[in-house]
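Notes follow once the structure below has been shown.
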Amino acid sequence: MKKLFIVANWKSNETEVQAEEWFRALKNSQITTNKEEREVIVCPPFILLSQAKELVTTSHLSIGIGAQDFSPFDSGAHTGEEPPALVKEYAQYAIIGHSERRNELGETDELLANKVAHALQQGVTPIFCVQGIETPIPEGVSLVAYEPIFAIGTGHPDTPENAESVIKAIKAKTHVQYVLYGGSVTADNVQTFTTMPAIDGVLVGGASLDPEKFMKIVENA
């Protein structure tokens, strides 16, 4: 049986109260996770990383914590950046290169390669986002998320067959070990993606904000 990754990207959402309710709902659910077979990773806004780590620890939840970005700079005079040494205190993973940051903030391939290098130096695993087989993947990346632009937040996912084809091509070209699919994933369609041989899990956006919907995605995956 292949290992699956189910990643929740909260984007710029959730308050401390909502985060506490989310983790409480996860704790009270009957969902069990075995990191050897199915790894669940939650990526809240940076300001909630400390709280998320505490709630995961105190609730004895077997899930990972991820940041939504990673600074290309070390500690120092970089106003607004979150230093890698601080991020690694809370997160084992970091989403890097999400299409929203590429499009809205103009993040370049060179900048993203620097972020990946800093993450790897700190022992944080990048979840590197690509939009197709032409997106350059920096050296050392082992976990990639294929997120077609037309499917992000639109409610119109890629077909499982096309996602499988693209992901197979990415693996053949780069030899990346794990490639996830991201884009309008729901509890109703998640299994159509995760049962594809080359797809190693999903990156979930809007549906991850509702704990019941997200737990159903985990269950159905």
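Chain lettering (A, B, ...) mirrors the order of the structure tokens, residue numbering begins at 1 for each chain separately, and ligand numbering begins at 1 in order of display.
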- Message: List as a PyMOL selection string the protein and nucleic acid residues near stretch 38-42 of chain A, meaning an atom at most 6 Å away when only C-alpha atoms are counted, but skip any in the same chain fewer than 4 places from it.
- Response: chain A and resi 3-8+34+63-66
Selection above as a file: C-alpha atoms, as an mmCIF file, in the first residue's frame:
```
data_model
loop_
_atom_site.group_PDB
_atom_site.id
_atom_site.type_symbol
_atom_site.label_atom_id
_atom_site.label_comp_id
_atom_site.auth_asym_id
_atom_site.auth_seq_id
_atom_site.Cartn_x
_atom_site.Cartn_y
_atom_site.Cartn_z
ATOM 1 C CA LYS A 3 1.745 6.207 1.580
ATOM 2 C CA LEU A 4 -0.745 9.071 1.276
ATOM 3 C CA PHE A 5 -0.339 12.690 2.333
ATOM 4 C CA ILE A 6 -3.448 14.768 3.100
ATOM 5 C CA VAL A 7 -2.441 18.412 3.513
ATOM 6 C CA ALA A 8 -4.781 21.140 4.808
ATOM 7 C CA ASN A 34 -0.865 6.145 10.852
ATOM 8 C CA ILE A 63 -0.561 14.898 12.575
ATOM 9 C CA GLY A 64 2.125 17.152 11.181
ATOM 10 C CA ILE A 65 2.285 20.941 11.189
ATOM 11 C CA GLY A 66 3.307 22.944 8.157
#
```
- Identify all residues of chain A in strand (DSSP E) (DSSP on the backbone) and supply them as a count of residues only. 39
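Between atom CA of A:Pro45 and atom CA of A:Ala163 there is a distance of 27.5 Å.
Rounded to one decimal, atom CA of A:Ser50 and atom CA of A:Glu82 lie 13.0 Å from each other.
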Please report, as JSON lines, each residue of stretch 24-63 of chain A lying at most 9 Å from stretch 84-108 of chain A, together with the nearest pair of atoms and the separation in Å rounded to one decimal; use only C-alpha atoms, and order rows by chain and ascending residue number.
```
{"residue": "A:Ile41", "atom": "CA", "partner": "A:Tyr93", "partner_atom": "CA", "distance": 8.1}
{"residue": "A:Cys43", "atom": "CA", "partner": "A:Ala94", "partner_atom": "CA", "distance": 7.8}
{"residue": "A:Phe46", "atom": "CA", "partner": "A:Val87", "partner_atom": "CA", "distance": 8.3}
{"residue": "A:Leu49", "atom": "CA", "partner": "A:Tyr90", "partner_atom": "CA", "distance": 6.0}
{"residue": "A:Ser50", "atom": "CA", "partner": "A:Tyr90", "partner_atom": "CA", "distance": 6.1}
{"residue": "A:Ala52", "atom": "CA", "partner": "A:Tyr90", "partner_atom": "CA", "distance": 8.2}
{"residue": "A:Lys53", "atom": "CA", "partner": "A:Tyr90", "partner_atom": "CA", "distance": 6.0}
```
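The space between atom CA of A:Val204 and atom CA of A:Val190 spans 9.6 Å.
Contact shell of A:Glu81 at 12 Å (only C-alpha atoms; same-chain neighbours under 2 positions omitted): Phe46, Asp69, Phe70, Ser71, Pro72, Phe73, Asp74, Ser75, Gly76, Ala77, His78, Thr79, Pro83, Pro84, Ala85, Leu86, Val87 and Lys115 of chain A.
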Output N, CA and C atoms of each residue in that selection to a file, as a tab-separated table (two decimals), in the first residue's frame.
```
chain	number	residue	atom	x	y	z
A	46	PHE	N	0.84	31.74	9.72
A	46	PHE	CA	2.02	31.73	10.58
A	46	PHE	C	1.69	32.10	12.02
A	69	ASP	N	4.63	29.15	4.04
A	69	ASP	CA	5.70	29.80	3.28
A	69	ASP	C	6.99	29.60	4.07
A	70	PHE	N	8.10	30.01	3.48
A	70	PHE	CA	9.39	29.89	4.16
A	70	PHE	C	10.28	31.02	3.67
A	71	SER	N	10.92	31.70	4.56
A	71	SER	CA	11.73	32.85	4.19
A	71	SER	C	12.99	32.43	3.43
A	72	PRO	N	13.40	33.22	2.43
A	72	PRO	CA	14.67	32.96	1.76
A	72	PRO	C	15.85	33.58	2.51
A	73	PHE	N	15.57	34.23	3.64
A	73	PHE	CA	16.61	34.92	4.41
A	73	PHE	C	16.79	34.25	5.77
A	74	ASP	N	18.00	34.37	6.29
A	74	ASP	CA	18.25	33.97	7.68
A	74	ASP	C	17.77	35.08	8.60
A	75	SER	N	17.94	34.91	9.90
A	75	SER	CA	17.58	35.95	10.86
A	75	SER	C	18.36	37.22	10.56
A	76	GLY	N	17.73	38.38	10.83
A	76	GLY	CA	18.42	39.64	10.59
A	76	GLY	C	17.46	40.74	10.21
A	77	ALA	N	17.96	41.71	9.47
A	77	ALA	CA	17.18	42.91	9.12
A	77	ALA	C	16.32	42.64	7.89
A	78	HIS	N	15.26	41.86	8.10
A	78	HIS	CA	14.35	41.49	7.01
A	78	HIS	C	12.92	41.66	7.51
A	79	THR	N	12.47	42.89	7.60
A	79	THR	CA	11.16	43.20	8.18
A	79	THR	C	10.04	42.44	7.47
A	83	PRO	N	11.92	34.22	10.17
A	83	PRO	CA	13.20	33.55	10.05
A	83	PRO	C	13.07	32.03	10.10
A	84	PRO	N	13.84	31.33	9.27
A	84	PRO	CA	13.76	29.87	9.23
A	84	PRO	C	13.97	29.20	10.58
A	85	ALA	N	14.88	29.75	11.38
A	85	ALA	CA	15.14	29.13	12.68
A	85	ALA	C	13.91	29.18	13.59
A	86	LEU	N	13.04	30.19	13.36
A	86	LEU	CA	11.81	30.28	14.14
A	86	LEU	C	10.74	29.35	13.59
A	87	VAL	N	10.62	29.32	12.27
A	87	VAL	CA	9.61	28.45	11.64
A	87	VAL	C	9.82	27.00	12.06
A	115	LYS	N	14.26	29.62	-1.05
A	115	LYS	CA	13.40	29.20	0.06
A	115	LYS	C	13.55	27.71	0.33
```
- Task: Looking only at alpha helix (DSSP H) from DSSP on the backbone, list the matching residues of stretch 70-174 of chain A as a ChimeraX atom specification.
- Result: /A:84-87,99-105,109-121,160-174
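Proximity ranking of A:Thr174, A:Glu20, A:Glu161, A:Gly153 relative to A:Val141 places A:Thr174 first, based on only C-alpha atoms.
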- The residue from A:Gln191, A:Ser142, A:Gln51, A:Gln68 with the smallest atom-to-atom distance to A:Lys11, counting only C-alpha atoms, is A:Gln68
